[in-house]
Amino acid sequence: LSAIGAVSSCSCLCPAVWLLKPGMQKLSSVALHTAARCAAKDYYEVLVLGGGAGGITMSARMKRKVGAGNVAVVEPSQTHYYQPLWTLVGGGAKQLAASARPTGSVMPKGVEWIKSRVTVLDPDKNCVWLENDTKVSYKYLIIALGISLHYEKIKGLPEGFRHPKIGSNYSVHTVEKTWKALQDFKEGNAIFTFPNTPVKCAGAPQKIMYLSEAYWRKTGKRSKANIMFNTSLGVIFGVKKYADALLEIIKERNIAVNYKRNLVEVRADKQEAVFENLDKPGVTEVHQYEMLHVTPPMGPPEVLINSPVSDGVGWVDVDKETLQHKKYPNVFGIGDCTNLPTSKTAAAVAAQSGVLDNTISLVMKNQLPTKKYDGYTSCPLVTGYNKVILAEFDYDAQPLETFPIDQSKERVTMYHMKADMMPFLYWNALLK
């Protein structure tokens, strides 16, 4: 069973039995793309783009197959973050420092860490270009570049974060501001948002709302808080079993949910949030806030937009069962940067890594992949300081649960698994 998360992924991790679910792949050609290498110099048998959970995990796996000296990871960041902890950091239950380690400390021993940023992908020539016009060639490429945050697409941000009473658990720079706004709350509207884009961990925007409600109950401020969840979606959660459970919690705790509302502007100096009514394009409404938690719009990394490896939107275009690229058989994708039709979570990265390992191993032998990724993803929905609903589901939004219990129920054991066991497994199991 695996219970792991990702720096390039969301605040969702959980155990799964995906390692026990081998599948049979449909027959298809796996002949490698055989264009000449760009250059023999700066060449690696396996090149990994991205040093998040997906990238580090796959580099560790590939090291065992081809040897450490034949694997390189392109990653500019000096610090590796365990983002799943940020939900609890924003709620005051964990310290930010606990989520960070030097990137060098998580890089598999002997694997080359290229401390740079990829600027161009050229799969027709089996190479990539980095900053300073450096070219690196490869035999196999694994793309694990994660997802990009776009606070700037909301008018008034990110500069609005200089003001108090506004925070966001999605950024290392703003997560502690969430906890400060939560503590400083006095009276009025507490607004939590969900953007009109794909996001990593669709449950995270709600988790901080439930933690805030619990904190204000504990501190005697609950009666002074009008809690609002303004979501661009038309449902509270994409899987009915868990949505029904969440709606019961929302009703019990007197939380207002406004569907089809997308945050388009923050007037932080006036403590005003402007939302567009997606059912009435162009129609906006302004809400005063005493606390505002922003979930930013998100999208593919810039380098992938209009790239040969990407679909029309910018996500890496991979087969949803094998994670092999649809056009370039020696290119593979994992995690949030792909167009896999499942929720972008860290648990999904953990599940995908086993399938991708099998796929690449067999492609290297000119054989057909045998394992199929079923879309397994998960989100431990934190509903209080000692309660979690463990949502696990597949491509069809059907529950795909690990434990022989009703996982739509709030449970103390699941909270301790998220808060204590999963970070340990992340650092000591998945990344290795």
# chains A, B, ... in the order shown; residues from 1 in each chain; ligands from 1
$ select_by_dssp --residues "stretch 39-78 of chain A" --states "helix (DSSP H, G or I)" --output "PyMOL selection string"
chain A and resi 53-66+68-70
$ residues_around --residues "A:Asn339" --least-positions-apart "2" --cutoff "8 Å" --atoms "only C-alpha atoms" --output "PDB file with N, CA, C and O atoms, in the first residue's frame"
ATOM      1  N   ASP A 311      -0.892  18.669 -25.989  1.00  0.00           N
ATOM      2  CA  ASP A 311      -2.159  18.762 -26.709  1.00  0.00           C
ATOM      3  C   ASP A 311      -2.465  20.232 -27.000  1.00  0.00           C
ATOM      4  O   ASP A 311      -1.642  21.122 -26.750  1.00  0.00           O
ATOM      5  N   TRP A 315      -1.183  20.534 -22.133  1.00  0.00           N
ATOM      6  CA  TRP A 315      -0.860  19.382 -21.277  1.00  0.00           C
ATOM      7  C   TRP A 315      -0.129  18.327 -22.098  1.00  0.00           C
ATOM      8  O   TRP A 315      -0.409  18.138 -23.288  1.00  0.00           O
ATOM      9  N   VAL A 316       0.792  17.597 -21.459  1.00  0.00           N
ATOM     10  CA  VAL A 316       1.531  16.533 -22.150  1.00  0.00           C
ATOM     11  C   VAL A 316       0.540  15.461 -22.601  1.00  0.00           C
ATOM     12  O   VAL A 316      -0.253  14.945 -21.802  1.00  0.00           O
ATOM     13  N   ASP A 317       0.601  15.124 -23.884  1.00  0.00           N
ATOM     14  CA  ASP A 317      -0.408  14.275 -24.524  1.00  0.00           C
ATOM     15  C   ASP A 317      -0.009  12.800 -24.428  1.00  0.00           C
ATOM     16  O   ASP A 317       0.718  12.279 -25.274  1.00  0.00           O
ATOM     17  N   VAL A 318      -0.477  12.129 -23.375  1.00  0.00           N
ATOM     18  CA  VAL A 318      -0.085  10.740 -23.141  1.00  0.00           C
ATOM     19  C   VAL A 318      -1.274   9.790 -23.199  1.00  0.00           C
ATOM     20  O   VAL A 318      -2.427  10.200 -23.029  1.00  0.00           O
ATOM     21  N   ASP A 336       0.756  16.153 -12.756  1.00  0.00           N
ATOM     22  CA  ASP A 336      -0.129  17.266 -13.048  1.00  0.00           C
ATOM     23  C   ASP A 336       0.041  17.857 -14.436  1.00  0.00           C
ATOM     24  O   ASP A 336      -0.860  18.503 -14.952  1.00  0.00           O
ATOM     25  N   CYS A 337       1.210  17.673 -15.057  1.00  0.00           N
ATOM     26  CA  CYS A 337       1.447  18.285 -16.367  1.00  0.00           C
ATOM     27  C   CYS A 337       0.824  17.506 -17.518  1.00  0.00           C
ATOM     28  O   CYS A 337       0.848  17.964 -18.657  1.00  0.00           O
ATOM     29  N   PRO A 341      -7.238  12.186 -17.821  1.00  0.00           N
ATOM     30  CA  PRO A 341      -8.554  12.682 -17.396  1.00  0.00           C
ATOM     31  C   PRO A 341      -8.935  12.251 -15.982  1.00  0.00           C
ATOM     32  O   PRO A 341      -9.969  11.609 -15.749  1.00  0.00           O
TER      33      PRO A 341
END
$ atom_distance --atom1 "atom CA of A:Thr359" --atom2 "atom CA of A:Ile147"
23.1 Å
$ atom_distance --atom1 "atom CA of A:Gln95" --atom2 "atom CA of A:Lys115"
27.3 Å
$ residues_around --residues "A:Ser378" --least-positions-apart "2" --cutoff "6 Å" --atoms "only C-alpha atoms" --output "list in words"
Ala347, Ala391 and Glu392 of chain A
$ write_last_selection --atoms "C-alpha atoms" --output "mmCIF file, in the first residue's frame"
data_model
loop_
_atom_site.group_PDB
_atom_site.id
_atom_site.type_symbol
_atom_site.label_atom_id
_atom_site.label_comp_id
_atom_site.auth_asym_id
_atom_site.auth_seq_id
_atom_site.Cartn_x
_atom_site.Cartn_y
_atom_site.Cartn_z
ATOM 1 C CA ALA A 347 -1.900 10.040 -4.808
ATOM 2 C CA ALA A 391 -11.933 9.977 -0.963
ATOM 3 C CA GLU A 392 -10.463 7.508 -3.482
#
$ residues_around --residues "stretch 273-290 of chain A" --least-positions-apart "2" --cutoff "8 Å" --atoms "only C-alpha atoms" --output "count of residues only"
21
$ closest_residue --among "A:Gln183, A:Thr413, A:Asn386, A:Thr322" --to "A:Gly92" --atoms "only C-alpha atoms"
A:Gln183
$ closest_residue --among "A:Asn230, A:Lys387, A:Ile142, A:Tyr259" --to "A:Leu323" --atoms "only C-alpha atoms"
A:Ile142
$ residues_around --residues "A:Pro76" --least-positions-apart "4" --cutoff "12 Å" --atoms "only C-alpha atoms" --output "JSON list (two decimals) with C-alpha atoms, in the first residue's frame"
[["chain", "number", "residue", "atom", "x", "y", "z"],
["A", 49, "LEU", "CA", 12.17, 17.13, -16.52],
["A", 50, "GLY", "CA", 11.05, 18.25, -13.06],
["A", 51, "GLY", "CA", 12.22, 17.45, -9.54],
["A", 52, "GLY", "CA", 8.88, 17.16, -7.82],
["A", 80, "HIS", "CA", 11.77, 20.50, -2.44],
["A", 102, "PRO", "CA", 17.00, 20.82, 0.21],
["A", 103, "THR", "CA", 16.51, 19.43, -3.30],
["A", 104, "GLY", "CA", 19.96, 17.86, -3.14],
["A", 113, "TRP", "CA", 21.00, 17.14, -10.94],
["A", 114, "ILE", "CA", 20.97, 19.75, -13.71],
["A", 115, "LYS", "CA", 20.20, 22.97, -11.85],
["A", 116, "SER", "CA", 18.50, 24.73, -14.70],
["A", 117, "ARG", "CA", 15.15, 25.31, -16.35],
["A", 118, "VAL", "CA", 14.01, 23.70, -19.61],
["A", 119, "THR", "CA", 13.11, 26.27, -22.26],
["A", 130, "LEU", "CA", 17.91, 24.71, -21.20],
["A", 131, "GLU", "CA", 18.63, 28.24, -20.05],
["A", 145, "LEU", "CA", 6.87, 19.47, -14.79]]
$ closest_residue --among "A:Leu430, A:Leu182, A:Val73, A:Ile305" --to "A:Gly110" --atoms "only C-alpha atoms"
A:Val73
$ closest_residue --among "A:Tyr328, A:Ala204, A:Tyr151, A:Ala53" --to "A:Ala351" --atoms "only C-alpha atoms"
A:Ala53
$ residues_around --residues "stretch 234-251 of chain A" --least-positions-apart "6" --cutoff "12 Å" --atoms "only C-alpha atoms" --output "ChimeraX atom specification"
/A:193-196,201-207,209-210,213-214,227-228,257-262,277-279,342-343,377-384,387-401,406-410
$ residues_around --residues "A:Val128" --least-positions-apart "6" --cutoff "8 Å" --atoms "only C-alpha atoms" --output "PDB file with all heavy atoms, in the first residue's frame"
ATOM      1  N   VAL A 118      14.182  24.051 -18.195  1.00  0.00           N
ATOM      2  CA  VAL A 118      14.015  23.699 -19.606  1.00  0.00           C
ATOM      3  C   VAL A 118      13.266  24.822 -20.315  1.00  0.00           C
ATOM      4  O   VAL A 118      12.302  25.383 -19.779  1.00  0.00           O
ATOM      5  CB  VAL A 118      13.288  22.351 -19.757  1.00  0.00           C
ATOM      6  CG1 VAL A 118      11.883  22.387 -19.161  1.00  0.00           C
ATOM      7  CG2 VAL A 118      13.230  21.923 -21.221  1.00  0.00           C
ATOM      8  N   THR A 119      13.738  25.183 -21.506  1.00  0.00           N
ATOM      9  CA  THR A 119      13.115  26.274 -22.258  1.00  0.00           C
ATOM     10  C   THR A 119      12.469  25.812 -23.556  1.00  0.00           C
ATOM     11  O   THR A 119      11.526  26.437 -24.032  1.00  0.00           O
ATOM     12  CB  THR A 119      14.154  27.365 -22.576  1.00  0.00           C
ATOM     13  OG1 THR A 119      15.245  26.778 -23.297  1.00  0.00           O
ATOM     14  CG2 THR A 119      14.676  28.007 -21.297  1.00  0.00           C
ATOM     15  N   VAL A 120      12.979  24.719 -24.129  1.00  0.00           N
ATOM     16  CA  VAL A 120      12.415  24.197 -25.383  1.00  0.00           C
ATOM     17  C   VAL A 120      12.515  22.683 -25.378  1.00  0.00           C
ATOM     18  O   VAL A 120      13.542  22.122 -24.982  1.00  0.00           O
ATOM     19  CB  VAL A 120      13.173  24.743 -26.622  1.00  0.00           C
ATOM     20  CG1 VAL A 120      12.621  24.121 -27.900  1.00  0.00           C
ATOM     21  CG2 VAL A 120      13.072  26.261 -26.698  1.00  0.00           C
ATOM     22  N   LEU A 121      11.445  22.016 -25.822  1.00  0.00           N
ATOM     23  CA  LEU A 121      11.474  20.566 -26.006  1.00  0.00           C
ATOM     24  C   LEU A 121      11.483  20.275 -27.497  1.00  0.00           C
ATOM     25  O   LEU A 121      10.658  20.817 -28.253  1.00  0.00           O
ATOM     26  CB  LEU A 121      10.255  19.900 -25.368  1.00  0.00           C
ATOM     27  CG  LEU A 121      10.239  19.801 -23.837  1.00  0.00           C
ATOM     28  CD1 LEU A 121       9.769  21.110 -23.221  1.00  0.00           C
ATOM     29  CD2 LEU A 121       9.321  18.677 -23.388  1.00  0.00           C
ATOM     30  N   ASP A 122      12.415  19.447 -27.943  1.00  0.00           N
ATOM     31  CA  ASP A 122      12.539  19.091 -29.361  1.00  0.00           C
ATOM     32  C   ASP A 122      12.544  17.566 -29.491  1.00  0.00           C
ATOM     33  O   ASP A 122      13.584  16.937 -29.700  1.00  0.00           O
ATOM     34  CB  ASP A 122      13.816  19.689 -29.945  1.00  0.00           C
ATOM     35  CG  ASP A 122      13.871  19.568 -31.465  1.00  0.00           C
ATOM     36  OD1 ASP A 122      13.005  18.869 -32.033  1.00  0.00           O
ATOM     37  OD2 ASP A 122      14.776  20.162 -32.074  1.00  0.00           O
ATOM     38  N   LYS A 135      22.157  22.506 -24.548  1.00  0.00           N
ATOM     39  CA  LYS A 135      21.375  21.423 -25.160  1.00  0.00           C
ATOM     40  C   LYS A 135      21.703  20.105 -24.469  1.00  0.00           C
ATOM     41  O   LYS A 135      22.866  19.782 -24.233  1.00  0.00           O
ATOM     42  CB  LYS A 135      21.689  21.338 -26.652  1.00  0.00           C
ATOM     43  CG  LYS A 135      20.892  20.293 -27.395  1.00  0.00           C
ATOM     44  CD  LYS A 135      21.020  20.465 -28.904  1.00  0.00           C
ATOM     45  CE  LYS A 135      22.436  20.262 -29.382  1.00  0.00           C
ATOM     46  NZ  LYS A 135      22.528  20.317 -30.872  1.00  0.00           N
ATOM     47  N   VAL A 136      20.669  19.349 -24.139  1.00  0.00           N
ATOM     48  CA  VAL A 136      20.849  18.031 -23.527  1.00  0.00           C
ATOM     49  C   VAL A 136      20.054  17.020 -24.336  1.00  0.00           C
ATOM     50  O   VAL A 136      18.861  17.219 -24.605  1.00  0.00           O
ATOM     51  CB  VAL A 136      20.383  18.011 -22.058  1.00  0.00           C
ATOM     52  CG1 VAL A 136      20.609  16.632 -21.459  1.00  0.00           C
ATOM     53  CG2 VAL A 136      21.111  19.071 -21.239  1.00  0.00           C
ATOM     54  N   SER A 137      20.700  15.944 -24.713  1.00  0.00           N
ATOM     55  CA  SER A 137      20.061  14.893 -25.504  1.00  0.00           C
ATOM     56  C   SER A 137      19.691  13.706 -24.632  1.00  0.00           C
ATOM     57  O   SER A 137      20.221  13.536 -23.537  1.00  0.00           O
ATOM     58  CB  SER A 137      21.003  14.442 -26.623  1.00  0.00           C
ATOM     59  OG  SER A 137      21.376  15.528 -27.427  1.00  0.00           O
TER      60      SER A 137
END
$ atom_distance --atom1 "atom CA of A:Pro369" --atom2 "atom CA of A:Ala60"
19.9 Å
$ closest_residue --among "A:Ala98, A:Ala350, A:Ile334, A:Ile208" --to "A:Thr178" --atoms "only C-alpha atoms"
A:Ile208
$ select_by_dssp --residues "stretch 225-275 of chain A" --states "strand (DSSP E or B)" --output "PyMOL selection string"
chain A and resi 225-231+256-258+261-267+272-275
